[in-house]
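Structure file data_30.txt (compact mmCIF, C-alpha atoms and all ligand atoms) follows.
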# COMPACT_ATOMS: atom_id res chain seq x y z
CA MET A 1 -14.59 122.85 -163.95
CA THR A 2 -16.93 120.09 -165.08
CA THR A 3 -14.84 117.13 -163.91
CA ASP A 4 -16.06 115.32 -160.81
CA PHE A 5 -14.95 112.39 -158.68
CA ASP A 6 -15.82 109.26 -160.60
CA VAL A 7 -14.70 105.87 -159.38
CA GLY A 8 -16.17 104.39 -162.56
CA ALA A 9 -13.52 106.18 -164.64
CA SER A 10 -10.13 104.56 -165.18
CA TRP A 11 -8.21 107.86 -164.97
CA HIS A 12 -9.76 108.51 -161.59
CA VAL A 13 -8.89 105.23 -159.91
CA ALA A 14 -5.37 105.17 -161.36
CA ALA A 15 -4.12 108.77 -161.24
CA PRO A 16 -6.50 111.57 -160.30
CA TYR A 17 -3.61 113.88 -159.39
CA ASP A 18 -4.00 116.62 -162.01
CA PHE A 19 -7.65 116.88 -161.06
CA LEU A 20 -6.85 116.94 -157.32
CA ARG A 21 -4.12 119.55 -157.81
CA THR A 22 -6.60 121.87 -159.53
CA LEU A 23 -9.10 121.32 -156.72
CA ARG A 24 -6.51 122.10 -154.04
CA ARG A 25 -5.64 125.32 -155.81
CA GLU A 26 -9.05 126.49 -156.99
CA ARG A 27 -11.77 124.74 -155.00
CA PRO A 28 -10.28 123.30 -151.80
CA VAL A 29 -13.80 122.54 -150.57
CA PHE A 30 -15.42 120.85 -153.55
CA HIS A 31 -18.98 119.61 -153.70
CA SER A 32 -18.97 116.32 -155.57
CA GLU A 33 -22.34 115.48 -157.12
CA HIS A 34 -21.06 112.00 -157.84
CA LEU A 35 -20.20 111.27 -154.20
CA GLY A 36 -22.92 113.46 -152.71
CA ALA A 37 -20.23 114.87 -150.44
CA TYR A 38 -18.09 117.91 -149.78
CA VAL A 39 -14.49 116.96 -150.49
CA LEU A 40 -11.62 118.53 -148.53
CA THR A 41 -8.45 118.33 -150.57
CA ARG A 42 -5.76 120.39 -148.81
CA TYR A 43 -3.47 118.66 -146.33
CA GLU A 44 -3.99 121.25 -143.63
CA ASP A 45 -7.80 121.06 -143.89
CA VAL A 46 -7.88 117.27 -144.01
CA ARG A 47 -5.72 116.98 -140.92
CA ALA A 48 -7.68 119.65 -139.05
CA ALA A 49 -10.95 117.87 -139.85
CA TYR A 50 -9.59 114.51 -138.58
CA GLY A 51 -8.55 116.33 -135.43
CA ASP A 52 -12.00 117.85 -134.86
CA PRO A 53 -14.45 114.98 -134.23
CA ALA A 54 -16.94 117.37 -132.59
CA ARG A 55 -17.57 119.13 -135.93
CA PHE A 56 -16.56 116.31 -138.31
CA SER A 57 -18.37 113.32 -136.86
CA SER A 58 -17.69 109.65 -137.60
CA GLN A 59 -21.16 108.65 -136.42
CA GLY A 60 -22.62 106.58 -139.26
CA SER A 61 -19.86 107.69 -141.61
CA LEU A 62 -19.27 104.16 -142.90
CA THR A 63 -22.93 103.84 -143.76
CA ILE A 64 -22.68 104.01 -147.49
CA SER A 65 -26.07 102.26 -147.65
CA ARG A 66 -27.69 105.20 -149.43
CA SER A 67 -26.30 103.69 -152.62
CA LEU A 68 -28.16 100.43 -151.94
CA ALA A 69 -31.47 99.51 -153.56
CA ALA A 70 -34.58 99.33 -151.33
CA GLU A 71 -34.76 95.53 -151.61
CA THR A 72 -31.12 95.19 -150.53
CA THR A 73 -31.75 97.41 -147.52
CA ARG A 74 -34.77 95.26 -146.61
CA VAL A 75 -32.73 92.06 -146.83
CA LEU A 76 -29.98 93.54 -144.67
CA GLY A 77 -32.50 94.59 -141.98
CA GLU A 78 -30.75 95.80 -138.85
CA HIS A 79 -27.39 95.29 -140.57
CA GLY A 80 -28.30 97.81 -143.28
CA SER A 81 -26.84 100.46 -141.04
CA PHE A 82 -23.46 98.81 -141.70
CA LEU A 83 -21.53 98.36 -138.52
CA SER A 84 -23.37 100.87 -136.37
CA SER A 85 -21.22 99.92 -133.38
CA PHE A 86 -17.87 99.53 -135.09
CA MET A 87 -15.28 101.88 -133.62
CA ALA A 88 -14.54 103.78 -136.84
CA ASN A 89 -18.25 104.54 -137.11
CA VAL A 90 -18.81 106.20 -133.71
CA ASP A 91 -17.61 109.31 -131.85
CA PRO A 92 -16.20 109.83 -128.37
CA PRO A 93 -17.13 108.92 -125.66
CA VAL A 94 -18.38 105.57 -127.11
CA HIS A 95 -15.32 105.47 -129.34
CA THR A 96 -12.99 106.05 -126.40
CA ARG A 97 -14.41 103.02 -124.60
CA LEU A 98 -14.18 100.73 -127.65
CA ARG A 99 -10.71 101.91 -128.58
CA ARG A 100 -9.40 101.27 -125.06
CA SER A 101 -10.23 97.55 -125.19
CA VAL A 102 -8.82 97.12 -128.68
CA SER A 103 -5.59 99.04 -128.06
CA ARG A 104 -4.74 96.64 -125.26
CA ALA A 105 -4.40 93.85 -127.82
CA PHE A 106 -2.23 95.89 -130.22
CA THR A 107 0.69 96.64 -127.93
CA PRO A 108 4.09 97.10 -129.64
CA ARG A 109 5.21 93.82 -128.07
CA ALA A 110 2.24 91.90 -129.41
CA VAL A 111 2.86 93.34 -132.88
CA ILE A 112 6.61 92.62 -132.94
CA ALA A 113 5.89 89.05 -131.88
CA LEU A 114 4.02 88.57 -135.17
CA GLU A 115 7.02 89.43 -137.39
CA ARG A 116 8.61 85.98 -137.38
CA ARG A 117 5.37 84.30 -138.29
CA PHE A 118 4.72 86.80 -141.10
CA ARG A 119 8.22 86.35 -142.51
CA ALA A 120 7.75 82.57 -142.52
CA LEU A 121 4.36 82.92 -144.25
CA ASN A 122 5.98 85.01 -147.00
CA GLU A 123 8.81 82.51 -147.41
CA GLU A 124 6.30 79.67 -147.75
CA VAL A 125 4.36 81.46 -150.47
CA LEU A 126 7.56 82.20 -152.39
CA ASP A 127 8.80 78.62 -152.07
CA ARG A 128 5.63 77.59 -153.87
CA VAL A 129 5.62 80.11 -156.73
CA LEU A 130 9.37 80.52 -157.30
CA PRO A 131 9.81 77.64 -159.79
CA ASP A 132 7.10 79.14 -162.05
CA GLY A 133 9.17 82.23 -162.86
CA ARG A 134 6.05 84.39 -162.93
CA ALA A 135 2.96 85.18 -160.88
CA ASP A 136 0.09 87.54 -160.30
CA LEU A 137 1.59 89.25 -157.27
CA VAL A 138 -1.81 90.37 -155.95
CA ALA A 139 -3.58 87.01 -156.05
CA GLU A 140 -0.69 84.60 -155.60
CA ILE A 141 1.76 86.40 -153.31
CA ALA A 142 0.41 89.45 -151.49
CA HIS A 143 -2.84 88.21 -149.98
CA LEU A 144 -2.14 84.89 -148.38
CA PRO A 145 0.45 85.91 -145.76
CA SER A 146 -1.72 88.81 -144.49
CA VAL A 147 -4.86 86.71 -144.46
CA ARG A 148 -3.08 83.90 -142.57
CA LEU A 149 -1.50 86.29 -140.11
CA SER A 150 -4.71 88.04 -139.19
CA ALA A 151 -6.57 84.74 -139.09
CA GLY A 152 -4.07 83.38 -136.58
CA PHE A 153 -4.17 86.58 -134.54
CA ILE A 154 -7.96 86.53 -134.41
CA GLY A 155 -8.18 82.80 -133.78
CA LEU A 156 -9.89 81.81 -136.99
CA PRO A 157 -9.56 78.09 -137.79
CA GLU A 158 -7.36 77.58 -140.87
CA SER A 159 -10.10 75.57 -142.56
CA ASP A 160 -12.40 78.64 -142.53
CA GLU A 161 -9.91 81.07 -144.07
CA GLY A 162 -11.23 80.59 -147.61
CA PHE A 163 -14.81 81.22 -146.49
CA VAL A 164 -13.82 84.43 -144.73
CA LYS A 165 -11.69 85.67 -147.61
CA ASP A 166 -14.53 85.32 -150.13
CA HIS A 167 -17.12 86.83 -147.84
CA VAL A 168 -14.98 89.79 -146.83
CA LYS A 169 -14.39 90.57 -150.50
CA ASN A 170 -18.13 90.49 -151.14
CA TRP A 171 -18.78 92.69 -148.16
CA PHE A 172 -16.29 95.28 -149.33
CA GLN A 173 -17.93 95.29 -152.76
CA LEU A 174 -21.43 95.65 -151.36
CA PHE A 175 -20.77 98.75 -149.33
CA LEU A 176 -17.94 100.45 -151.10
CA SER A 177 -18.35 100.04 -154.83
CA PRO A 178 -21.44 100.68 -156.95
CA GLN A 179 -23.24 97.45 -157.89
CA PRO A 180 -26.38 96.61 -159.89
CA GLU A 181 -29.36 95.54 -157.75
CA GLU A 182 -29.18 91.84 -158.55
CA ARG A 183 -25.53 91.69 -157.51
CA GLN A 184 -26.26 93.75 -154.39
CA LEU A 185 -28.72 91.09 -153.23
CA GLU A 186 -26.21 88.29 -153.73
CA LEU A 187 -23.63 90.29 -151.82
CA ALA A 188 -26.09 91.13 -149.04
CA HIS A 189 -26.83 87.44 -148.46
CA SER A 190 -23.12 86.71 -148.37
CA PHE A 191 -22.61 89.52 -145.82
CA LEU A 192 -25.34 88.14 -143.54
CA GLU A 193 -23.83 84.67 -143.74
CA TYR A 194 -20.47 86.13 -142.78
CA LEU A 195 -21.90 88.03 -139.78
CA ALA A 196 -23.62 84.86 -138.58
CA TYR A 197 -20.30 83.03 -138.83
CA VAL A 198 -18.48 85.66 -136.75
CA ASP A 199 -21.35 85.69 -134.27
CA ASP A 200 -20.82 81.95 -133.68
CA LEU A 201 -17.06 82.38 -133.39
CA VAL A 202 -17.46 85.07 -130.71
CA ALA A 203 -20.00 83.01 -128.77
CA SER A 204 -17.77 79.94 -128.83
CA ARG A 205 -14.69 81.87 -127.66
CA ARG A 206 -16.71 83.47 -124.90
CA ALA A 207 -17.74 80.04 -123.68
CA ASP A 208 -14.33 78.48 -124.20
CA PRO A 209 -11.53 81.11 -124.36
CA ARG A 210 -8.21 80.49 -126.14
CA ASP A 211 -5.06 82.51 -126.62
CA ASP A 212 -6.38 84.79 -129.38
CA PHE A 213 -7.81 88.26 -130.01
CA THR A 214 -11.42 87.07 -130.26
CA SER A 215 -11.22 85.44 -126.82
CA LEU A 216 -9.62 88.60 -125.40
CA MET A 217 -12.45 90.77 -126.72
CA ALA A 218 -15.18 88.24 -125.88
CA GLY A 219 -13.88 88.39 -122.31
CA HIS A 220 -15.09 92.01 -122.16
CA ILE A 221 -18.68 91.14 -123.12
CA GLY A 222 -21.08 92.15 -120.41
CA GLY A 223 -18.47 94.59 -119.05
CA GLU A 224 -16.79 97.13 -121.31
CA LEU A 225 -18.18 95.72 -124.58
CA SER A 226 -21.46 94.31 -125.89
CA HIS A 227 -21.76 91.10 -127.93
CA ARG A 228 -22.66 93.06 -131.07
CA GLU A 229 -19.70 95.40 -130.61
CA VAL A 230 -17.35 92.44 -130.48
CA VAL A 231 -18.92 90.82 -133.57
CA GLU A 232 -18.58 94.04 -135.55
CA LEU A 233 -15.03 94.53 -134.35
CA ILE A 234 -13.90 91.01 -135.28
CA SER A 235 -15.61 91.09 -138.67
CA THR A 236 -13.95 94.39 -139.47
CA ILE A 237 -10.49 93.58 -138.21
CA LEU A 238 -10.57 90.64 -140.61
CA LEU A 239 -11.28 93.15 -143.36
CA GLY A 240 -8.46 95.42 -142.17
CA GLY A 241 -5.94 92.63 -142.41
CA ASN A 242 -7.27 90.95 -145.53
CA ASP A 243 -7.55 93.86 -147.80
CA THR A 244 -5.69 97.05 -146.99
CA VAL A 245 -2.24 95.58 -146.44
CA PRO A 246 -2.16 93.45 -149.63
CA ASN A 247 -3.55 96.42 -151.58
CA GLN A 248 -0.82 98.65 -150.23
CA LEU A 249 1.81 96.03 -150.99
CA GLY A 250 0.61 95.66 -154.60
CA ASN A 251 0.62 99.44 -155.10
CA SER A 252 4.08 99.68 -153.54
CA VAL A 253 5.69 96.92 -155.63
CA LEU A 254 4.23 98.39 -158.82
CA ARG A 255 5.64 101.81 -157.95
CA LEU A 256 9.07 100.43 -157.07
CA LEU A 257 9.29 98.39 -160.28
CA ARG A 258 8.21 101.31 -162.43
CA GLU A 259 10.69 103.65 -160.79
CA ASP A 260 13.63 101.22 -161.03
CA GLY A 261 13.69 101.06 -157.25
CA TRP A 262 13.79 97.28 -156.94
CA PRO A 263 15.02 95.74 -154.70
CA VAL A 264 14.96 98.33 -151.92
CA PRO A 265 18.20 98.21 -149.87
CA PRO A 266 17.24 96.82 -146.43
CA GLY A 267 18.35 99.97 -144.58
CA ARG A 268 15.99 102.10 -146.64
CA ILE A 269 12.90 99.91 -146.53
CA GLN A 270 11.25 101.72 -143.63
CA ASN A 271 11.19 105.07 -145.37
CA ALA A 272 10.39 103.47 -148.74
CA VAL A 273 7.25 101.99 -147.18
CA GLU A 274 6.19 105.45 -146.01
CA GLU A 275 6.87 107.03 -149.39
CA CYS A 276 4.85 104.27 -151.09
CA MET A 277 2.00 104.85 -148.65
CA ARG A 278 2.20 108.56 -149.39
CA ILE A 279 2.30 108.45 -153.16
CA ASP A 280 0.08 105.38 -153.77
CA GLY A 281 -1.96 105.04 -150.59
CA ALA A 282 -4.29 102.05 -150.32
CA SER A 283 -6.75 104.30 -148.50
CA LEU A 284 -8.05 107.35 -150.34
CA GLY A 285 -9.75 109.08 -147.45
CA SER A 286 -12.40 108.91 -144.74
CA PHE A 287 -15.98 110.08 -144.59
CA ARG A 288 -17.37 112.36 -141.89
CA TYR A 289 -20.64 114.21 -141.24
CA ALA A 290 -20.65 117.94 -140.47
CA THR A 291 -22.40 118.37 -137.11
CA THR A 292 -22.89 122.11 -137.64
CA ASP A 293 -22.58 124.62 -140.49
CA ILE A 294 -18.86 124.82 -141.25
CA GLU A 295 -17.33 127.80 -143.08
CA LEU A 296 -14.20 126.91 -144.98
CA HIS A 297 -12.53 128.81 -147.82
CA GLY A 298 -15.71 130.74 -148.55
CA VAL A 299 -17.90 127.63 -148.71
CA THR A 300 -20.54 126.76 -146.12
CA ILE A 301 -20.69 123.03 -145.51
CA PRO A 302 -24.22 122.66 -144.14
CA ALA A 303 -24.88 120.78 -140.89
CA GLY A 304 -25.59 117.14 -141.69
CA ALA A 305 -23.60 117.12 -144.95
CA LEU A 306 -21.34 114.22 -145.81
CA CYS A 307 -17.66 115.16 -146.19
CA LEU A 308 -14.76 113.24 -147.67
CA LEU A 309 -11.38 113.96 -146.09
CA ALA A 310 -9.29 113.22 -149.16
CA THR A 311 -6.03 111.85 -147.80
CA ASP A 312 -4.97 110.88 -151.31
CA SER A 313 -5.03 114.54 -152.26
CA ALA A 314 -3.40 115.58 -148.95
CA ALA A 315 -0.52 113.19 -149.68
CA HIS A 316 0.15 115.04 -152.93
CA ASP A 317 -0.16 118.52 -151.45
CA GLU A 318 2.83 120.49 -152.74
CA THR A 319 2.82 122.79 -149.70
CA VAL A 320 3.79 119.83 -147.48
CA PHE A 321 5.52 117.46 -149.90
CA PRO A 322 7.67 119.43 -152.38
CA ASP A 323 7.50 118.07 -155.93
CA PRO A 324 4.81 115.60 -154.80
CA GLU A 325 4.61 113.47 -157.95
CA ARG A 326 8.30 112.62 -157.62
CA PHE A 327 8.89 109.28 -155.88
CA ASP A 328 11.75 109.57 -153.41
CA ILE A 329 12.36 106.76 -150.92
CA ASP A 330 14.56 109.15 -148.95
CA ARG A 331 11.93 111.91 -148.71
CA PRO A 332 12.50 113.26 -145.19
CA ASN A 333 8.83 113.76 -144.26
CA ALA A 334 7.33 110.84 -146.20
CA ASP A 335 5.72 109.53 -143.00
CA ALA A 336 3.68 112.73 -142.58
CA HIS A 337 1.08 111.24 -145.00
CA LEU A 338 -2.43 110.73 -143.64
CA THR A 339 -2.99 107.38 -145.35
CA LEU A 340 -3.49 105.74 -141.94
CA GLY A 341 -5.77 108.55 -140.77
CA TYR A 342 -5.06 110.98 -137.95
CA GLY A 343 -6.45 111.86 -134.53
CA VAL A 344 -8.62 109.65 -132.35
CA HIS A 345 -9.43 107.22 -135.17
CA PHE A 346 -5.82 106.88 -136.34
CA CYS A 347 -5.49 103.32 -137.65
CA VAL A 348 -5.26 100.99 -134.69
CA GLY A 349 -3.54 98.43 -136.93
CA ALA A 350 -0.93 100.94 -138.18
CA ALA A 351 2.06 99.30 -136.49
CA LEU A 352 0.94 95.88 -137.68
CA GLY A 353 0.30 97.12 -141.22
CA ARG A 354 3.70 98.82 -141.40
CA LEU A 355 5.44 95.76 -140.02
CA GLN A 356 3.85 93.59 -142.70
CA LEU A 357 4.80 95.98 -145.51
CA ARG A 358 8.42 96.23 -144.36
CA THR A 359 8.75 92.49 -143.88
CA ALA A 360 7.14 91.63 -147.22
CA LEU A 361 9.39 94.06 -149.13
CA ASP A 362 12.41 92.67 -147.34
CA VAL A 363 11.59 89.02 -148.09
CA LEU A 364 10.46 89.69 -151.67
CA GLY A 365 13.52 91.83 -152.38
CA SER A 366 15.97 89.23 -151.12
CA ARG A 367 14.27 86.23 -152.74
CA LEU A 368 13.31 87.92 -156.02
CA PRO A 369 15.96 90.59 -156.67
CA GLY A 370 15.33 90.35 -160.45
CA LEU A 371 11.58 90.99 -160.15
CA ARG A 372 10.12 92.86 -163.15
CA LEU A 373 6.72 93.69 -164.62
CA ALA A 374 5.46 91.10 -167.11
CA PRO A 375 5.41 92.79 -170.53
CA GLY A 376 2.12 93.48 -172.27
CA ARG A 377 -0.11 93.05 -169.22
CA PRO A 378 -2.14 96.19 -168.54
CA VAL A 379 -2.36 97.46 -164.96
CA GLU A 380 -5.92 97.76 -163.67
CA TYR A 381 -7.29 99.19 -160.46
CA ARG A 382 -10.31 98.11 -158.46
CA ARG A 383 -13.14 100.62 -158.54
CA SER A 384 -13.74 101.91 -155.06
CA ILE A 385 -14.56 105.17 -153.32
CA VAL A 386 -12.23 104.75 -150.38
CA GLY A 387 -9.51 102.28 -151.36
CA ARG A 388 -6.94 101.94 -154.10
CA GLY A 389 -5.75 98.49 -155.06
CA LEU A 390 -4.81 96.58 -158.18
CA THR A 391 -7.02 93.84 -159.58
CA ALA A 392 -3.83 92.00 -160.60
CA LEU A 393 -0.09 92.66 -160.90
CA HIS A 394 1.63 90.31 -163.33
CA VAL A 395 5.33 89.95 -162.57
CA GLU A 396 8.27 87.77 -163.67
CA TRP A 397 11.68 86.95 -162.26
C1 LIG A 401 -1.69 99.68 -145.01
C2 LIG A 401 -2.71 99.21 -144.39
C3 LIG A 401 -3.80 100.03 -143.73
C4 LIG A 401 -4.34 101.24 -144.11
C5 LIG A 401 -3.98 102.09 -145.32
C6 LIG A 401 -5.33 101.60 -143.11
C7 LIG A 401 -6.05 102.79 -143.09
C8 LIG A 401 -6.85 103.21 -142.04
C9 LIG A 401 -7.45 104.53 -141.92
C10 LIG A 401 -7.33 105.66 -142.95
C11 LIG A 401 -8.15 104.58 -140.76
C12 LIG A 401 -8.92 105.77 -140.18
C13 LIG A 401 -10.41 105.67 -140.45
C14 LIG A 401 -11.16 106.92 -140.04
O1 LIG A 401 -10.59 107.85 -139.44
O2 LIG A 401 -12.36 106.99 -140.32
C15 LIG A 401 -8.03 103.27 -140.15
C16 LIG A 401 -8.62 102.89 -138.97
C17 LIG A 401 -8.64 101.59 -138.52
N1 LIG A 401 -7.87 100.54 -138.99
FE1 LIG A 401 -6.55 100.60 -140.50
N2 LIG A 401 -5.40 100.60 -142.18
C18 LIG A 401 -4.47 99.63 -142.51
C19 LIG A 401 -4.21 98.45 -141.82
C20 LIG A 401 -4.96 97.99 -140.77
C21 LIG A 401 -4.79 96.71 -140.11
C22 LIG A 401 -3.70 95.69 -140.44
C23 LIG A 401 -5.77 96.62 -139.16
C24 LIG A 401 -6.08 95.52 -138.18
C25 LIG A 401 -5.33 94.62 -137.79
C26 LIG A 401 -6.55 97.86 -139.20
C27 LIG A 401 -7.62 98.16 -138.40
C28 LIG A 401 -8.18 99.41 -138.26
C29 LIG A 401 -9.21 99.75 -137.28
C30 LIG A 401 -9.86 98.79 -136.29
C31 LIG A 401 -9.49 101.12 -137.44
C32 LIG A 401 -10.50 101.98 -136.66
C33 LIG A 401 -9.78 102.77 -135.60
C34 LIG A 401 -10.67 103.73 -134.86
O3 LIG A 401 -11.76 104.08 -135.35
O4 LIG A 401 -10.28 104.15 -133.77
N3 LIG A 401 -6.02 98.66 -140.19
N4 LIG A 401 -7.20 102.47 -140.94
Entire entry expressed as structure tokens:
Amino acid sequence: MTTDFDVGASWHVAAPYDFLRTLRRERPVFHSEHLGAYVLTRYEDVRAAYGDPARFSSQGSLTISRSLAAETTRVLGEHGSFLSSFMANVDPPVHTRLRRSVSRAFTPRAVIALERRFRALNEEVLDRVLPDGRADLVAEIAHLPSVRLSAGFIGLPESDEGFVKDHVKNWFQLFLSPQPEERQLELAHSFLEYLAYVDDLVASRRADPRDDFTSLMAGHIGGELSHREVVELISTILLGGNDTVPNQLGNSVLRLLREDGWPVPPGRIQNAVEECMRIDGASLGSFRYATTDIELHGVTIPAGALCLLATDSAAHDETVFPDPERFDIDRPNADAHLTLGYGVHFCVGAALGRLQLRTALDVLGSRLPGLRLAPGRPVEYRRSIVGRGLTALHVEW
């Protein structure tokens, strides 16, 4: 087989499933030259690796800086190691300590309390675009409610939302999609500006706490958390809310429209969300480092090697999801996907993400029951190693 992972190729970002199926069958541990990583493609192996942080370490796993030019790395300085103290980038016991503080803020009660606000934010956006009869769902509908919700949760002033949105997008591009050197430098400067902004926000909430997540975390500085840990946490949570949920919503609406599944009956939305996350997950997988030589299916993954746990492939594994390319909002085990991870690093925002997806589909379905794809507008995906999202989704009603 000569085909490799290639986020530069349209077939790969849109529908790599034939390729992944062949890998699962013939080379379940695949060394990708393009990624410089061993790729695990079977569900069982992906889940086992997530569940084994001692052998599949998260330490430094978000550090995609090897793809950065020397000058970019110099400009980034100590931040070139990309979030060295962010919770998804460390192992237990450090991870256990960080996760404890964060989990306290994401209680089911705290999450449910955000539903009303999120519903209202969706209604507001629709009130604005409804008279137009058409929109780019990604840019004009999906992003704003999630960005506003996480901004409010974190305690970001409304006037700074635009700044954060642009900078988070740049940051994502810098670390997760290949860029020419000149663009890398621009993005690196934007990233440093963003970190300085969050640094100030944390310092000001520490001095003068309010009723928000940043104040809650800043309250742990000097005790359970360090200042840098809180800065990295806040900057990343903003990314979690700003990008993954709208991406997942765009993928989900596209799927539902293509499959004549619109609008989803309210009683079936919960499972539909899971099936959308399974079949068109916004996250394609997670990176880990092998801490020791690992023998798997006749391949030795050498100690120190980078591994990609390909949840996108796991979600299409026919041994777990029969007839995996068939979209079925009533699939009984749809929620067994690993799109939100698994094990100690399982997405801490999972309940919040799911709540947003359910609420958005509910509001969109009831306000725009006649939603359809705008004819003649091609569907394009963003080019990224770890995330799947549309650059635009042109719809009419
Ligand atoms: C549909 C939307 C989302 C998807 C697909 C998603 C996906 C993921 C995945 C795959 C992981 C595991 C990473 C790993 O094991 O290396 C993860 C972890 C994480 N997610 Fe999400 N996420 C979503 C929404 C959110 C939201 C809304 C937030 C914040 C409010 C968030 C915050 C986090 C954090 C902080 C972690 C790190 C947890 C840890 O390391 O213990 N995510 N997410």
Protein and nucleic residues near ligand LIG 401 (chain A), 8 Å, all atoms listed in the file, as a PyMOL selection string: chain A and resi 50+58+61-62+86-90+95+99+102+150+233+236-249+277+281-288+311+338-354+357
Kindly give the distance, in Å, that separates atom CA of A:Glu232 and atom CA of A:Thr292, rounded to a single decimal. 28.5 Å
From A:Asp45, A:Glu78, A:Glu318, A:Asp91, residue lying nearest A:Gly60 [only C-alpha atoms]: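 Residue with the minimum atom-to-atom distance to A:Gly60: A:Asp91.
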Would you please work out which residue, of A:Gly222, A:Val168, A:Ala314, A:Leu364, is nearest to A:Pro265 when using all atoms listed in the file?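 Between A:Gly222, A:Val168, A:Ala314, A:Leu364, the residue approaching A:Pro265 most closely is A:Leu364.
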Would you compute the distance between atom CA of A:Phe56 and atom CA of A:Glu275? Give it in Å to one decimal.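 These two atoms are separated by 27.5 Å.
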Could you work out an axis-aligned bounding box for all listed atoms of stretch 274-289 of chain A, with 5 Å added on each of the six sides, and give its centre and edge lengths in Å to one decimal, as AutoDock Vina command-line options?
--center_x -6.9 --center_y 108.1 --center_z -147.5 --size_x 37.5 --size_y 22.2 --size_z 22.5
Taking only C-alpha atoms into account, name the residue in A:Asp335, A:Glu33, A:Glu396, A:Glu161 that is nearest to A:Asp136. A:Glu396
As a short mmCIF file (atom, residue, chain, number, x, y, z; two decimals) with C-alpha atoms, in the coordinates of the input, please: the residues near A:Leu256 (cut-off 10 Å, all atoms listed in the file, same-chain neighbours under 3 positions excluded).
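So out_3.cif came out as:
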data_model
loop_
_atom_site.label_atom_id
_atom_site.label_comp_id
_atom_site.auth_asym_id
_atom_site.auth_seq_id
_atom_site.Cartn_x
_atom_site.Cartn_y
_atom_site.Cartn_z
CA ASN A 251 0.62 99.44 -155.10
CA SER A 252 4.08 99.68 -153.54
CA VAL A 253 5.69 96.92 -155.63
CA GLU A 259 10.69 103.65 -160.79
CA ASP A 260 13.63 101.22 -161.03
CA GLY A 261 13.69 101.06 -157.25
CA TRP A 262 13.79 97.28 -156.94
CA PRO A 263 15.02 95.74 -154.70
CA VAL A 264 14.96 98.33 -151.92
CA ALA A 272 10.39 103.47 -148.74
CA CYS A 276 4.85 104.27 -151.09
CA PHE A 327 8.89 109.28 -155.88
CA ILE A 329 12.36 106.76 -150.92
CA ARG A 372 10.12 92.86 -163.15
#
From the list A:Ala310, A:Val299, A:Leu216, A:Ile385, which residue is nearest A:Gly8 when using all atoms listed in the file? A:Ile385
Please complete stretch 103-115 of chain A with N, CA and C atoms and give it back as a compact mmCIF listing (two decimals), keeping the file's coordinate frame.
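Dumped to rebuild.txt:
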# COMPACT_ATOMS: atom_id res chain seq x y z
N SER A 103 -7.01 98.64 -128.13
CA SER A 103 -5.59 99.04 -128.06
C SER A 103 -4.79 98.10 -127.18
N ARG A 104 -5.45 97.55 -126.16
CA ARG A 104 -4.74 96.64 -125.26
C ARG A 104 -4.17 95.43 -125.99
N ALA A 105 -4.85 95.04 -127.07
CA ALA A 105 -4.40 93.85 -127.82
C ALA A 105 -3.30 94.20 -128.83
N PHE A 106 -3.19 95.48 -129.19
CA PHE A 106 -2.23 95.89 -130.22
C PHE A 106 -1.00 96.56 -129.62
N THR A 107 -0.50 96.05 -128.53
CA THR A 107 0.69 96.64 -127.93
C THR A 107 1.88 96.42 -128.86
N PRO A 108 2.91 97.30 -128.79
CA PRO A 108 4.09 97.10 -129.64
C PRO A 108 4.67 95.69 -129.49
N ARG A 109 4.63 95.16 -128.28
CA ARG A 109 5.21 93.82 -128.07
C ARG A 109 4.42 92.75 -128.82
N ALA A 110 3.09 92.88 -128.72
CA ALA A 110 2.24 91.90 -129.41
C ALA A 110 2.48 91.96 -130.92
N VAL A 111 2.67 93.18 -131.44
CA VAL A 111 2.86 93.34 -132.88
C VAL A 111 4.22 92.77 -133.32
N ILE A 112 5.27 93.10 -132.58
CA ILE A 112 6.61 92.62 -132.94
C ILE A 112 6.65 91.09 -132.92
N ALA A 113 5.90 90.52 -131.99
CA ALA A 113 5.89 89.05 -131.88
C ALA A 113 5.34 88.39 -133.15
N LEU A 114 4.61 89.16 -133.97
CA LEU A 114 4.02 88.57 -135.17
C LEU A 114 4.99 88.58 -136.36
N GLU A 115 6.13 89.28 -136.23
CA GLU A 115 7.02 89.43 -137.39
C GLU A 115 7.55 88.08 -137.90
